[in-house]
There are 2 protein chains.
Amino acid sequence: MRKIILSAPIITALAGLGMPASANDDLAKMGADGKQWVMPTGDYANTRYSKLKQITAQNVGKLAPVWTFSTGVLRGHEGAPLVVGDTMYVHAPFPNTVFALDLNNDGKILWKYEPKQDPNVIPVMCCDTVNRGLSYGDGKVFLHQADTTLVALDAKTGAVVWSTKNGDPSKGQTGTSAPMVIKDKVLVGISGGEFGVQCHVTAYDIKTGKQVWRGFSEGPDNELLVDPEKTTALGKPIGKDSSLKTWQGDQWKIGGGCTWGWISYDPSLDLVYYGSGNPSTWNPKQRPGDNKWSMTIWARNPDTGMAKWVYQMTPHDEWDFDGINEMILSDQTINGKARKLLTHFDRNGFGYTLDRDTGELLVAEKYDPAVNWATKVDMDKSSATYGRPLVVPQYSTEHNGEDVNTKGVCPAALGSKDEQPAAYSPDTQLFYVPTNHVCMDYEPFKVSYTAGQPYVGPTLSMFPPQGQTNMGNFIAWDGKTGKIVWSDPEQFSVWSGALATAGNVVFYGTLEGYLKAVDAKTGKELYKFKTPSGIIGNVMTYEHKGRQYVAVLSGVGGWAGIGLAAGLTKPTDGLGAVGGYAALSNYTALGGTLTVFALPQS
Amino acid sequence: MRKIILSAPIITALAGLGMPASANDDLAKMGADGKQWVMPTGDYANTRYSKLKQITAQNVGKLAPVWTFSTGVLRGHEGAPLVVGDTMYVHAPFPNTVFALDLNNDGKILWKYEPKQDPNVIPVMCCDTVNRGLSYGDGKVFLHQADTTLVALDAKTGAVVWSTKNGDPSKGQTGTSAPMVIKDKVLVGISGGEFGVQCHVTAYDIKTGKQVWRGFSEGPDNELLVDPEKTTALGKPIGKDSSLKTWQGDQWKIGGGCTWGWISYDPSLDLVYYGSGNPSTWNPKQRPGDNKWSMTIWARNPDTGMAKWVYQMTPHDEWDFDGINEMILSDQTINGKARKLLTHFDRNGFGYTLDRDTGELLVAEKYDPAVNWATKVDMDKSSATYGRPLVVPQYSTEHNGEDVNTKGVCPAALGSKDEQPAAYSPDTQLFYVPTNHVCMDYEPFKVSYTAGQPYVGPTLSMFPPQGQTNMGNFIAWDGKTGKIVWSDPEQFSVWSGALATAGNVVFYGTLEGYLKAVDAKTGKELYKFKTPSGIIGNVMTYEHKGRQYVAVLSGVGGWAGIGLAAGLTKPTDGLGAVGGYAALSNYTALGGTLTVFALPQS
């Protein structure tokens, strides 16, 4: 089973939410007016909303490319470039070339950084050789290489300022996530859930690269960085050995819970948020218990790493429903009460809205009608199963057991949504969510652990829900009520990140290669352009010399594009991970290209 | 020494010249109105002129990409796609993938052909893994693979109809040129001048792939396909053993004269035209004599291969001035007399105009003022050196001898122009020529021949002419007088093919990656767009559903881009072949992309 493992500490500026000053004001201020794109997530809140509004629902039909740039790398291009001042920073999949491009000169190369990496890291990258982007801060650009080297480059020259090893590829630890700058630290996660890695988020000193703290997803309390009395789950202290109690023996030491998604940050609460991934192995019979704190939303103090609260979405995962998807921070009013919200579209198919201060669960609803593995999330606070999904035995691979093919589970292992981030517009108070509309057959089998070798377990088959042909939808979601407002069907999963703008336009890309612009209120398609390859990158926007630009990396690959990326052409290849995406080869071929769009100048 | 070896039999429809009907009327007719682009050269005459004129000098500034397509292949993308009906046929460098793209659906892939080739052919490709394109005819698409396989594909399905081997890569024979359909035959040349191949052009039956004739560039008369009495050179019969007499011993058997350029065709005279390349080795001391008929323009009967006339431009080459560049056929009036002309911009820096019926030499003038290796071509018909360049001893590597560094020869080995084809507009009666403005130091040394091993000889250093910084010019040339009409300087060699149109616009690409449109009369730049990678492909145009499109492959590489393509970063790499092009890495990276442009629809 191949799957995309993202693990990016990424943090978010709550631009416009009236947060008080913090040590990291600079970065938030730089991004506040939308002219620069200084974080891989756009802002600390992970809204991927821009205040720019030259491009509107009325004029976006006239959009056209104005310059383009090939990265010289094939395979999957996830993430988005940064724009700082007159410079755009573009990253690439392995070998993780970084380019500084001159915005005053159609992307002339100011400098290039080409890491020397052992290609033996490629076989331990579960789901294509992707990289989710760069961070900027303190005059430096931060790259998390495939081999887990975290390197700080001088933003002006590309010279290496410092570098450090975040993990060990010989044990299956790899780097795919974008680092994230929070105050005077660089936070970064790690990938390796398919290799039995005990995963963590680590903070490094921005000046020196020295490790400040490391918080694991499972293990003893001192490794988790939790306080049994003060750290809460659903309002209650988690107690001593909250993780150890939920694993059999030492399984937690090879327990996964990887951290390859995005990181958010609320400066007013001084909390960072991210999700942990699937417990290892994928065969649930081999790891009895809730497997805490895999599949969990974490709220941590960025200076100490200490967790304030946790919420486990999928206890004892049976389907690879990684919890790593981004946490989007917004301030909205629910039932007449102004709330500081965290909204999260989980791989398990539920869209969660929580109070981000306390971790209180407010809403949990299916954001794809096909989701069938659980009837609902129990919202009854008095119930013993409060906050837990109510699993349907027919679709329980634990219940059905090893070597039994559990058929027709929706969503498939790649989730109703994977790492490709959603956007949120404060104008419409809607979330714009790229989704998968895919189901699976899942047959777990017993596997044994060898360091650096795949530690997975099931065979998979993936396909659209019965009687349907579209494998994806791009939806607008009301996080206050947990309802789909509109839904645009797509032939393939929408595997690109969305962008919302003050121009009432929302952008996303498709696996066939189209950049699309839709009306934020109605979802009506306003513009599309076929970029050179399938899009699994995230759309971003910036302003330069008074003109608004929209940019996106194309370059098909990632989990959905692994067939093309790795030369697997049959649906059954990759133990079934290729699935319905085999037809992608009728639309596009590999190749990494940045396309920069603007309105014509009259 | 690396160099680009192109060898494409390509033929030309003398569209609009009122030629009488021929067996190949169909293909010429299909291309006559400019709506389709059915030959790799645009037309039999190799004018690369289109009657389309929706895009004009007045409106071209509004041009913008409308769709794009990545080939999934890195390294140099030479040539241009074909358009036949609603289908575009796109080729790629090794592994020579062919795509049939649906013009009704933004380039959706209708079928794809992926040859299985032994990668051991790559080291015997002298100058990047380029391929110069496809031909169409009789419902089939013809591909000349790197391994010299000539394959006929069903144009509707991509199924292989027939395939044949044109050469043997184990002896250094490779395929880089586009095949060319003439009447009921497919003509194709061969590459390998740096491996001591005795090169040839071969005609295959379009229905079966069976060889009809093969004409070598050097050897006995029966291999040359010449008639000692009827085949002429500068108006006189060439006589018996015209080639053998000009080689020492059996050197002709490893004598080069390769045929990797374009082929033209005049249906009214029923003659095909092409040039032969450098004699092997590059060390002139090892091959005394004129080395006929290397460096020669050939006029042959397409049915029998029999040569009507030949003209050797650079007898006893001392600088690798391959004669393979295209022959452009035009009808113009010189000194009050209507002439059937053939115009050829040779690597040696002279622009030649000949009578294409008789081979009479009419004009031979330098098309780059930097050219210094010869004072002129002797035009005195009474002279013993009539038609020969008058070599300057200072720049004669033969004169200076082995192991002596001959300094400051202009042009460099890659010529004042290489395979990148010029265009001709009957409206302006001007030729539009992509040129190199590069000089060299050249030090020949003794080499020995081993089949399949490089057989070259000198070390090179390449640089712009003294005191200048631009390595290229895009020029307009009057072939009647041999004068430059205007010249647009470019930082790097112009390594893309030109397109002339009835809209008074001429297009070309740059190594930095710009597609440029200039005024055909003045050379004034009207539009530029930075494509994803450096352009060494040829610009083409077509009309679909009433709208004119312009398309070009980008993807830096070829000889000028070999540094980027093969990962050579220092000017001294590749025995000096990288030269001044090392700076290209400041502008662009690898990656093959088709960009299709049009005017906005109002």
# chains A, B, ... in the order shown; residues from 1 in each chain; ligands from 1
call {"tool": "residues_around", "arguments": {"residues": "stretch 241-247 of chain A", "least_positions_apart": "6", "cutoff": "9 Å", "atoms": "only C-alpha atoms", "output": "list in words"}}
result
Ser217, Glu218, Gly219, Pro220, Asp221, Leu224, Pro228, Gly255, Arg287, Pro288, Gly289, Asp290, Asn291, Lys292, Trp293 and His316 of chain A
call {"tool": "residues_around", "arguments": {"residues": "A:Thr68", "least_positions_apart": "3", "cutoff": "7 Å", "atoms": "only C-alpha atoms", "output": "ChimeraX atom specification"}}
result
/A:593-596 /B:530-532
call {"tool": "atom_distance", "arguments": {"atom1": "atom CA of B:Phe463", "atom2": "atom CA of B:His344"}}
result
24.5 Å
call {"tool": "residues_around", "arguments": {"residues": "stretch 98-103 of chain B", "least_positions_apart": "2", "cutoff": "9 Å", "atoms": "only C-alpha atoms", "output": "PyMOL selection string"}}
result
chain B and resi 71+83+85-92+96+105-115+134+143+155-158+544
call {"tool": "write_last_selection", "arguments": {"atoms": "N, CA and C atoms", "output": "short mmCIF file (atom, residue, chain, number, x, y, z; two decimals), in the first residue's frame"}}
result
data_model
loop_
_atom_site.label_atom_id
_atom_site.label_comp_id
_atom_site.auth_asym_id
_atom_site.auth_seq_id
_atom_site.Cartn_x
_atom_site.Cartn_y
_atom_site.Cartn_z
N THR B 71 5.62 16.86 -21.47
CA THR B 71 5.90 15.57 -22.12
C THR B 71 6.36 14.51 -21.13
N VAL B 83 0.10 19.06 -36.70
CA VAL B 83 -1.35 19.13 -36.53
C VAL B 83 -1.99 18.56 -37.79
N GLY B 85 -5.85 17.45 -38.87
CA GLY B 85 -7.25 17.42 -38.45
C GLY B 85 -7.38 17.97 -37.04
N ASP B 86 -8.08 17.23 -36.19
CA ASP B 86 -8.30 17.68 -34.82
C ASP B 86 -7.24 17.16 -33.85
N THR B 87 -6.17 16.60 -34.40
CA THR B 87 -5.17 15.95 -33.56
C THR B 87 -3.81 16.62 -33.68
N MET B 88 -3.17 16.79 -32.55
CA MET B 88 -1.79 17.25 -32.54
C MET B 88 -0.90 16.08 -32.13
N TYR B 89 0.19 15.89 -32.87
CA TYR B 89 1.14 14.82 -32.57
C TYR B 89 2.40 15.45 -31.99
N VAL B 90 2.73 15.06 -30.75
CA VAL B 90 3.86 15.64 -30.04
C VAL B 90 4.89 14.54 -29.78
N HIS B 91 6.14 14.86 -29.99
CA HIS B 91 7.22 13.90 -29.75
C HIS B 91 8.08 14.39 -28.59
N ALA B 92 8.97 13.53 -28.14
CA ALA B 92 9.86 13.88 -27.03
C ALA B 92 11.25 13.30 -27.30
N ASN B 96 11.65 9.04 -26.51
CA ASN B 96 10.90 9.26 -27.75
C ASN B 96 9.42 8.92 -27.64
N ASN B 105 -10.10 19.22 -26.88
CA ASN B 105 -10.21 19.00 -25.44
C ASN B 105 -8.91 19.38 -24.72
N ASP B 106 -8.38 20.57 -25.09
CA ASP B 106 -7.19 21.10 -24.40
C ASP B 106 -6.05 20.10 -24.33
N GLY B 107 -5.93 19.27 -25.35
CA GLY B 107 -4.78 18.37 -25.40
C GLY B 107 -4.93 17.09 -24.60
N LYS B 108 -6.16 16.65 -24.37
CA LYS B 108 -6.37 15.33 -23.75
C LYS B 108 -5.64 14.28 -24.60
N ILE B 109 -5.07 13.29 -23.92
CA ILE B 109 -4.25 12.30 -24.61
C ILE B 109 -5.14 11.25 -25.28
N LEU B 110 -5.09 11.21 -26.62
CA LEU B 110 -5.87 10.22 -27.36
C LEU B 110 -5.15 8.88 -27.38
N TRP B 111 -3.87 8.92 -27.62
CA TRP B 111 -3.04 7.73 -27.48
C TRP B 111 -1.60 8.15 -27.24
N LYS B 112 -0.84 7.20 -26.74
CA LYS B 112 0.55 7.45 -26.40
C LYS B 112 1.36 6.25 -26.88
N TYR B 113 2.51 6.50 -27.49
CA TYR B 113 3.39 5.42 -27.91
C TYR B 113 4.70 5.57 -27.16
N GLU B 114 5.07 4.54 -26.43
CA GLU B 114 6.30 4.58 -25.65
C GLU B 114 7.23 3.48 -26.12
N PRO B 115 8.19 3.83 -26.98
CA PRO B 115 9.10 2.79 -27.49
C PRO B 115 9.92 2.19 -26.35
N LEU B 134 8.25 14.32 -35.93
CA LEU B 134 7.50 13.27 -36.62
C LEU B 134 7.15 13.71 -38.02
N LEU B 143 8.02 7.89 -36.76
CA LEU B 143 8.96 8.29 -35.71
C LEU B 143 10.31 7.64 -35.99
N ALA B 155 -2.19 6.57 -37.29
CA ALA B 155 -2.42 7.92 -36.77
C ALA B 155 -3.65 7.98 -35.85
N LYS B 156 -4.58 7.07 -36.03
CA LYS B 156 -5.80 7.09 -35.22
C LYS B 156 -5.62 6.36 -33.89
N THR B 157 -4.80 5.32 -33.88
CA THR B 157 -4.73 4.47 -32.69
C THR B 157 -3.35 4.40 -32.04
N GLY B 158 -2.34 4.76 -32.78
CA GLY B 158 -0.97 4.62 -32.26
C GLY B 158 -0.41 3.22 -32.41
N HIS B 544 -7.61 26.10 -35.64
CA HIS B 544 -8.56 25.07 -35.21
C HIS B 544 -9.88 25.75 -34.86
#
call {"tool": "atom_distance", "arguments": {"atom1": "atom CA of B:Leu187", "atom2": "atom CA of B:Gln173"}}
result
16.3 Å
call {"tool": "residues_around", "arguments": {"residues": "A:Gln332", "least_positions_apart": "3", "cutoff": "12 Å", "atoms": "only C-alpha atoms", "output": "list in words"}}
result
Leu17, Leu329, Asn335, Gly336, Lys337, Ala338, Arg339, Lys340, Leu341, Leu342, Thr343, Thr353, Leu354, Asp355, Arg356, Tyr424, Ser425, Pro426, Asp427, Thr428, Gln429, Leu430, Asp478, Gly479, Lys480 and Thr481 of chain A
call {"tool": "select_by_dssp", "arguments": {"residues": "stretch 214-295 of chain A", "states": "alpha helix (DSSP H)", "output": "mmCIF file with C-alpha atoms, in the first residue's frame"}}
result
data_model
loop_
_atom_site.group_PDB
_atom_site.id
_atom_site.type_symbol
_atom_site.label_atom_id
_atom_site.label_comp_id
_atom_site.auth_asym_id
_atom_site.auth_seq_id
_atom_site.Cartn_x
_atom_site.Cartn_y
_atom_site.Cartn_z
ATOM 1 C CA ASP A 221 4.322 11.262 29.263
ATOM 2 C CA ASN A 222 7.783 12.842 29.216
ATOM 3 C CA GLU A 223 8.150 11.961 25.531
ATOM 4 C CA LEU A 224 4.642 13.158 24.743
#
call {"tool": "closest_residue", "arguments": {"among": "B:Thr164, B:Gln36, B:Gln54, B:Thr174", "to": "B:Lys210", "atoms": "only C-alpha atoms"}}
result
B:Thr164
call {"tool": "residues_around", "arguments": {"residues": "A:Asn538", "least_positions_apart": "3", "cutoff": "10 Å", "atoms": "only C-alpha atoms", "output": "VMD selection string"}}
result
chain A and resid 40 to 41 48 77 to 81 132 to 133 420 to 422 495 to 499 507 to 509 535 551 to 554
call {"tool": "residues_around", "arguments": {"residues": "B:Thr296", "least_positions_apart": "2", "cutoff": "9 Å", "atoms": "only C-alpha atoms", "output": "list of chain:residue names"}}
result
B:Ser217, B:Gly257, B:Tyr274, B:Gly275, B:Ser276, B:Gly277, B:Lys292, B:Trp293, B:Ser294, B:Trp298, B:Val310, B:Tyr311, B:Gln312, B:Met313, B:Thr314, B:Pro315, B:Asp322, B:Gly323, B:Ile324
call {"tool": "write_last_selection", "arguments": {"atoms": "C-alpha atoms", "output": "CSV table (one decimal), in the first residue's frame"}}
result
chain,number,residue,atom,x,y,z
B,217,SER,CA,27.7,10.7,-48.5
B,257,GLY,CA,29.1,13.1,-43.7
B,274,TYR,CA,19.6,18.0,-47.9
B,275,GLY,CA,23.1,18.6,-46.6
B,276,SER,CA,25.8,16.2,-45.4
B,277,GLY,CA,27.8,16.8,-42.3
B,292,LYS,CA,33.9,14.6,-50.8
B,293,TRP,CA,30.9,14.6,-50.4
B,294,SER,CA,30.9,15.6,-46.8
B,298,TRP,CA,22.7,17.2,-52.3
B,310,VAL,CA,26.1,18.4,-55.5
B,311,TYR,CA,27.9,21.4,-54.0
B,312,GLN,CA,30.5,21.1,-51.4
B,313,MET,CA,30.6,24.2,-49.2
B,314,THR,CA,33.6,23.3,-47.0
B,315,PRO,CA,36.1,21.0,-48.6
B,322,ASP,CA,28.6,20.4,-40.7
B,323,GLY,CA,26.7,21.2,-43.9
B,324,ILE,CA,23.4,19.7,-42.6
call {"tool": "atom_distance", "arguments": {"atom1": "atom CA of B:Gly31", "atom2": "atom CA of B:Val201"}}
result
24.5 Å
call {"tool": "decode", "arguments": {"residues": "stretch 154-167 of chain A", "atoms": "all heavy atoms", "output": "mmCIF file, in the first residue's frame"}}
result
data_model
loop_
_atom_site.group_PDB
_atom_site.id
_atom_site.type_symbol
_atom_site.label_atom_id
_atom_site.label_comp_id
_atom_site.auth_asym_id
_atom_site.auth_seq_id
_atom_site.Cartn_x
_atom_site.Cartn_y
_atom_site.Cartn_z
ATOM 1 N N ASP A 154 20.513 31.207 3.561
ATOM 2 C CA ASP A 154 20.461 32.665 3.516
ATOM 3 C C ASP A 154 19.510 33.071 2.379
ATOM 4 O O ASP A 154 19.717 32.677 1.233
ATOM 5 C CB ASP A 154 21.864 33.219 3.277
ATOM 6 C CG ASP A 154 21.886 34.736 3.299
ATOM 7 O OD1 ASP A 154 21.270 35.367 2.402
ATOM 8 O OD2 ASP A 154 22.522 35.298 4.199
ATOM 9 N N ALA A 155 18.487 33.838 2.707
ATOM 10 C CA ALA A 155 17.458 34.141 1.710
ATOM 11 C C ALA A 155 18.005 34.961 0.548
ATOM 12 O O ALA A 155 17.474 34.911 -0.552
ATOM 13 C CB ALA A 155 16.291 34.886 2.372
ATOM 14 N N LYS A 156 19.070 35.680 0.786
ATOM 15 C CA LYS A 156 19.623 36.520 -0.285
ATOM 16 C C LYS A 156 20.599 35.767 -1.187
ATOM 17 O O LYS A 156 20.720 36.071 -2.371
ATOM 18 C CB LYS A 156 20.363 37.721 0.324
ATOM 19 C CG LYS A 156 19.459 38.731 0.999
ATOM 20 C CD LYS A 156 19.878 40.154 0.624
ATOM 21 C CE LYS A 156 18.997 41.190 1.304
ATOM 22 N NZ LYS A 156 17.551 40.872 1.330
ATOM 23 N N THR A 157 21.298 34.793 -0.625
ATOM 24 C CA THR A 157 22.372 34.147 -1.382
ATOM 25 C C THR A 157 22.192 32.647 -1.574
ATOM 26 O O THR A 157 22.846 32.050 -2.435
ATOM 27 C CB THR A 157 23.719 34.336 -0.655
ATOM 28 O OG1 THR A 157 23.667 33.622 0.598
ATOM 29 C CG2 THR A 157 23.993 35.813 -0.392
ATOM 30 N N GLY A 158 21.350 32.031 -0.755
ATOM 31 C CA GLY A 158 21.211 30.576 -0.826
ATOM 32 C C GLY A 158 22.285 29.826 -0.050
ATOM 33 O O GLY A 158 22.287 28.592 -0.033
ATOM 34 N N ALA A 159 23.198 30.567 0.571
ATOM 35 C CA ALA A 159 24.259 29.903 1.350
ATOM 36 C C ALA A 159 23.663 29.206 2.567
ATOM 37 O O ALA A 159 22.714 29.702 3.187
ATOM 38 C CB ALA A 159 25.293 30.931 1.810
ATOM 39 N N VAL A 160 24.220 28.050 2.918
ATOM 40 C CA VAL A 160 23.729 27.312 4.080
ATOM 41 C C VAL A 160 24.170 28.024 5.356
ATOM 42 O O VAL A 160 25.362 28.242 5.576
ATOM 43 C CB VAL A 160 24.270 25.866 4.075
ATOM 44 C CG1 VAL A 160 23.893 25.140 5.364
ATOM 45 C CG2 VAL A 160 23.743 25.114 2.855
ATOM 46 N N VAL A 161 23.193 28.398 6.189
ATOM 47 C CA VAL A 161 23.503 29.046 7.468
ATOM 48 C C VAL A 161 23.676 27.979 8.547
ATOM 49 O O VAL A 161 24.616 28.019 9.331
ATOM 50 C CB VAL A 161 22.403 30.055 7.845
ATOM 51 C CG1 VAL A 161 22.724 30.734 9.176
ATOM 52 C CG2 VAL A 161 22.234 31.097 6.737
ATOM 53 N N TRP A 162 22.736 27.045 8.615
ATOM 54 C CA TRP A 162 22.909 25.890 9.485
ATOM 55 C C TRP A 162 22.106 24.735 8.915
ATOM 56 O O TRP A 162 21.232 24.927 8.065
ATOM 57 C CB TRP A 162 22.536 26.185 10.947
ATOM 58 C CG TRP A 162 21.154 26.741 11.244
ATOM 59 C CD1 TRP A 162 20.858 28.038 11.562
ATOM 60 C CD2 TRP A 162 19.893 26.025 11.284
ATOM 61 N NE1 TRP A 162 19.506 28.188 11.778
ATOM 62 C CE2 TRP A 162 18.887 26.966 11.629
ATOM 63 C CE3 TRP A 162 19.524 24.703 11.061
ATOM 64 C CZ2 TRP A 162 17.540 26.622 11.748
ATOM 65 C CZ3 TRP A 162 18.174 24.349 11.194
ATOM 66 C CH2 TRP A 162 17.210 25.300 11.534
ATOM 67 N N SER A 163 22.442 23.538 9.380
ATOM 68 C CA SER A 163 21.612 22.399 9.005
ATOM 69 C C SER A 163 21.662 21.373 10.113
ATOM 70 O O SER A 163 22.637 21.300 10.877
ATOM 71 C CB SER A 163 22.063 21.807 7.664
ATOM 72 O OG SER A 163 23.008 20.799 7.845
ATOM 73 N N THR A 164 20.590 20.606 10.227
ATOM 74 C CA THR A 164 20.492 19.608 11.294
ATOM 75 C C THR A 164 19.703 18.412 10.785
ATOM 76 O O THR A 164 18.943 18.525 9.819
ATOM 77 C CB THR A 164 19.827 20.219 12.551
ATOM 78 O OG1 THR A 164 19.919 19.280 13.617
ATOM 79 C CG2 THR A 164 18.361 20.548 12.304
ATOM 80 N N LYS A 165 19.917 17.265 11.406
ATOM 81 C CA LYS A 165 19.225 16.048 11.007
ATOM 82 C C LYS A 165 18.000 15.866 11.891
ATOM 83 O O LYS A 165 18.135 15.756 13.115
ATOM 84 C CB LYS A 165 20.162 14.840 11.168
ATOM 85 C CG LYS A 165 21.088 14.660 9.983
ATOM 86 C CD LYS A 165 20.360 13.951 8.842
ATOM 87 C CE LYS A 165 21.294 13.658 7.679
ATOM 88 N NZ LYS A 165 20.535 13.150 6.516
ATOM 89 N N ASN A 166 16.828 15.790 11.297
ATOM 90 C CA ASN A 166 15.594 15.620 12.055
ATOM 91 C C ASN A 166 15.237 14.146 12.231
ATOM 92 O O ASN A 166 14.326 13.823 12.983
ATOM 93 C CB ASN A 166 14.460 16.374 11.343
ATOM 94 C CG ASN A 166 13.201 16.468 12.175
ATOM 95 O OD1 ASN A 166 13.260 16.799 13.350
ATOM 96 N ND2 ASN A 166 12.059 16.163 11.572
ATOM 97 N N GLY A 167 15.902 13.259 11.503
ATOM 98 C CA GLY A 167 15.573 11.833 11.606
ATOM 99 C C GLY A 167 16.596 10.994 10.861
ATOM 100 O O GLY A 167 17.633 11.494 10.412
#
